[in-house]
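As structure tokens, the structure follows; a few thoughts come after it.
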Amino acid sequence: MYKKLALAFAFLSSVTAANATNVYNLNGNRVVGEEQIYQIDPNGITTLEYVAAEYHLGLSNMIEANPEVDPIVPLKGLNLVIPTKLILPDTVHEGIIVNSAEMRLYYYNKGRVEVYPIGIGQIGKGTPLAWTTKVERKKAGPTWTPTAAMRAEYAAEGEYLPPVVPAGPDNPMGLYAMYVGKLYAIHGTNADFGIGLRVSHGCVRLRNEDNEELFNKVPVGTRVQFINEPIKTAEEPNGDLYIEVHQPLSRSQSEFDNFDANVPFSFTKSQLEFFKDPRINQDILQRALHERTGRPVLLNPVEF
């Protein structure tokens, strides 16, 4: 849905240093972290992509949380919402969880979870959406062997790929790769954009610094689960009810091209049951489902 922005982030930006974190302690709550506010330098320029990278976020995360902000040339001095508060996916807290709908990868490790933004596959070249596998092997300095279909696709655009792209900084897989299952990889990139976008041929793409950090921590054999959950809900131990709503992944090229339109939801049975909870303020729920900010929303605030 953000492909028209992808080529717009090649120029340099100037921002103040960010107090970024992507590590959350597991304490029995599903809602973790706190949102932050970032003020763009009144005397400088920046992009949402630059700020996103400072906070281990994807471009889509920043666009969802700041829908009225121009992602390419946001106003100087503007306050940006940094969506570093989130709901952990409702699945086993083990190994790597890739939630394509929110463009995030979760790595559960030693009582903590580390969260990384990702880029995923284009329409028709999709990243798996419901699959459990493991890290089969790891490779520092991977080569890239484009398929015949990939080479034909690039040739049609006037760009000719070699049979094998050697390891190095110009390799589209970056400098490190973890191969999951038999056909996919979690890897870096040779591009300055694409995190939080649908730009790959199906693999999971991370920024190079994030990819190297994850590569050095994750052992071969680690469980990897792919999910597609644009809606996450949680009931906290204190009774607070939350929802976090992301724009669903486009299912067709027409939905992808019309990126300003809201893709319809396919609600699960458990979500429909959750929505019936009498404690929920239905006005707040409907607003969250409409606005799709990717930010946790409290559905049962104390009313006076």
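Going through the structure tokens in order, the chains are called A, B, and so on, while each chain numbers its residues from 1 and the ligands are numbered from 1 in the order shown.
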Neighbour list for range 144-160 of chain A as a PDB file with C-alpha atoms, in the first residue's frame, cut-off 10 Å, only C-alpha atoms, skip fewer than 2 positions in-chain:
ATOM      1  CA  GLY A 141      28.112 -13.246   3.359  1.00  0.00           C
ATOM      2  CA  PRO A 142      25.233 -14.902   1.472  1.00  0.00           C
ATOM      3  CA  PRO A 162      23.596 -12.243 -13.327  1.00  0.00           C
ATOM      4  CA  PRO A 163      22.957 -15.940 -12.579  1.00  0.00           C
ATOM      5  CA  VAL A 164      24.515 -15.430  -9.142  1.00  0.00           C
ATOM      6  CA  VAL A 165      25.023 -12.153  -7.242  1.00  0.00           C
ATOM      7  CA  PRO A 166      28.193 -12.507  -5.148  1.00  0.00           C
ATOM      8  CA  ALA A 167      28.409 -11.734  -1.451  1.00  0.00           C
ATOM      9  CA  ASN A 171      23.961  -8.062  -2.591  1.00  0.00           C
ATOM     10  CA  PRO A 172      20.177  -7.601  -2.142  1.00  0.00           C
ATOM     11  CA  MET A 173      20.312 -10.042   0.798  1.00  0.00           C
ATOM     12  CA  GLY A 174      22.727  -7.862   2.738  1.00  0.00           C
ATOM     13  CA  HIS A 201      10.197 -11.522  -3.424  1.00  0.00           C
TER      14      HIS A 201
END
Give me the range 67-121 of chain A side of the contact with range 51-60 of chain A, cut-off 12 Å, one line per residue showing its nearest atom pair and distance in Å at one decimal, counting only C-alpha atoms, sorted by chain and residue number, as a Markdown table.
| residue | atom | partner | partner_atom | distance |
| --- | --- | --- | --- | --- |
| A:Pro67 | CA | A:Ser60 | CA | 10.0 |
| A:Asp70 | CA | A:Leu59 | CA | 12.0 |
| A:Pro71 | CA | A:Leu59 | CA | 8.5 |
| A:Ile72 | CA | A:Leu59 | CA | 10.7 |
| A:Pro74 | CA | A:Val51 | CA | 11.0 |
| A:Asn79 | CA | A:Val51 | CA | 11.6 |
| A:Leu80 | CA | A:Val51 | CA | 9.1 |
| A:Val81 | CA | A:Val51 | CA | 10.5 |
| A:Ile82 | CA | A:Tyr55 | CA | 7.7 |
| A:Pro83 | CA | A:Leu57 | CA | 8.1 |
| A:Thr84 | CA | A:Tyr55 | CA | 7.9 |
| A:Lys85 | CA | A:Leu57 | CA | 11.4 |
| A:Leu86 | CA | A:Leu57 | CA | 11.7 |
| A:Ser100 | CA | A:Ser60 | CA | 11.4 |
| A:Ala101 | CA | A:Ser60 | CA | 10.1 |
| A:Glu102 | CA | A:Ser60 | CA | 8.1 |
| A:Met103 | CA | A:Gly58 | CA | 7.0 |
| A:Arg104 | CA | A:Gly58 | CA | 7.9 |
| A:Leu105 | CA | A:Leu57 | CA | 10.6 |
| A:Tyr106 | CA | A:His56 | CA | 12.0 |
| A:Glu114 | CA | A:His56 | CA | 10.1 |
| A:Val115 | CA | A:His56 | CA | 7.7 |
| A:Tyr116 | CA | A:His56 | CA | 6.0 |
| A:Pro117 | CA | A:Gly58 | CA | 4.9 |
| A:Ile118 | CA | A:Gly58 | CA | 6.6 |
| A:Gly119 | CA | A:Gly58 | CA | 7.9 |
| A:Ile120 | CA | A:Gly58 | CA | 11.2 |
Output C-alpha atoms of each residue in that selection to a file, as a PDB file, in the first residue's frame.
ATOM      1  CA  PRO A  67      -1.810   9.595   9.292  1.00  0.00           C
ATOM      2  CA  ASP A  70       3.509  14.036   5.000  1.00  0.00           C
ATOM      3  CA  PRO A  71       5.927  11.067   5.174  1.00  0.00           C
ATOM      4  CA  ILE A  72       8.409  12.608   2.762  1.00  0.00           C
ATOM      5  CA  PRO A  74       6.892  16.483   7.419  1.00  0.00           C
ATOM      6  CA  ASN A  79       5.518  16.424  17.016  1.00  0.00           C
ATOM      7  CA  LEU A  80       5.405  12.816  15.844  1.00  0.00           C
ATOM      8  CA  VAL A  81       3.854   9.896  17.718  1.00  0.00           C
ATOM      9  CA  ILE A  82       6.404   7.093  18.134  1.00  0.00           C
ATOM     10  CA  PRO A  83       4.358   3.845  18.424  1.00  0.00           C
ATOM     11  CA  THR A  84       6.647   1.930  20.783  1.00  0.00           C
ATOM     12  CA  LYS A  85       3.732   0.680  22.887  1.00  0.00           C
ATOM     13  CA  LEU A  86       2.262  -2.522  21.469  1.00  0.00           C
ATOM     14  CA  SER A 100       3.314  -9.695   8.354  1.00  0.00           C
ATOM     15  CA  ALA A 101       0.216  -7.548   8.875  1.00  0.00           C
ATOM     16  CA  GLU A 102       2.001  -5.221  11.305  1.00  0.00           C
ATOM     17  CA  MET A 103       5.411  -5.530   9.602  1.00  0.00           C
ATOM     18  CA  ARG A 104       7.114  -6.681  12.815  1.00  0.00           C
ATOM     19  CA  LEU A 105       9.309  -9.588  13.851  1.00  0.00           C
ATOM     20  CA  TYR A 106       9.328 -10.671  17.518  1.00  0.00           C
ATOM     21  CA  GLU A 114      13.044  -7.965  20.944  1.00  0.00           C
ATOM     22  CA  VAL A 115      10.954  -6.344  18.234  1.00  0.00           C
ATOM     23  CA  TYR A 116      12.264  -5.533  14.753  1.00  0.00           C
ATOM     24  CA  PRO A 117      10.544  -3.876  11.773  1.00  0.00           C
ATOM     25  CA  ILE A 118      10.509  -5.829   8.533  1.00  0.00           C
ATOM     26  CA  GLY A 119       9.778  -5.591   4.823  1.00  0.00           C
ATOM     27  CA  ILE A 120       7.836  -8.443   3.244  1.00  0.00           C
TER      28      ILE A 120
END
Handout entry: Who sits within 10 Å of Ile231 in chain A, only C-alpha atoms, same chain under 6 positions skipped, as a ChimeraX atom specification
Key = /A:87,89,101-102,243-248,265-268,271,289,292,294
Exercise for the section: Please give the complete set of residues from range 71-286 of chain A that DSSP, run on the backbone, assigns to strand (DSSP E or B), formatted as a ChimeraX atom specification. Expected result: /A:79-82,86-87,95-99,104-109,112-117,119-121,131-140,144,165,176-180,184-187,198-200,204-205,223-227,231-235,241-245
Exercise for the section: For CA of Arg198 in chain A and CA of Ala177 in chain A, determine how far apart the two atoms are, in Å to one decimal place. Expected result: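 If I compute the distance from CA of Arg198 in chain A to CA of Ala177 in chain A, I get 18.7 Å.
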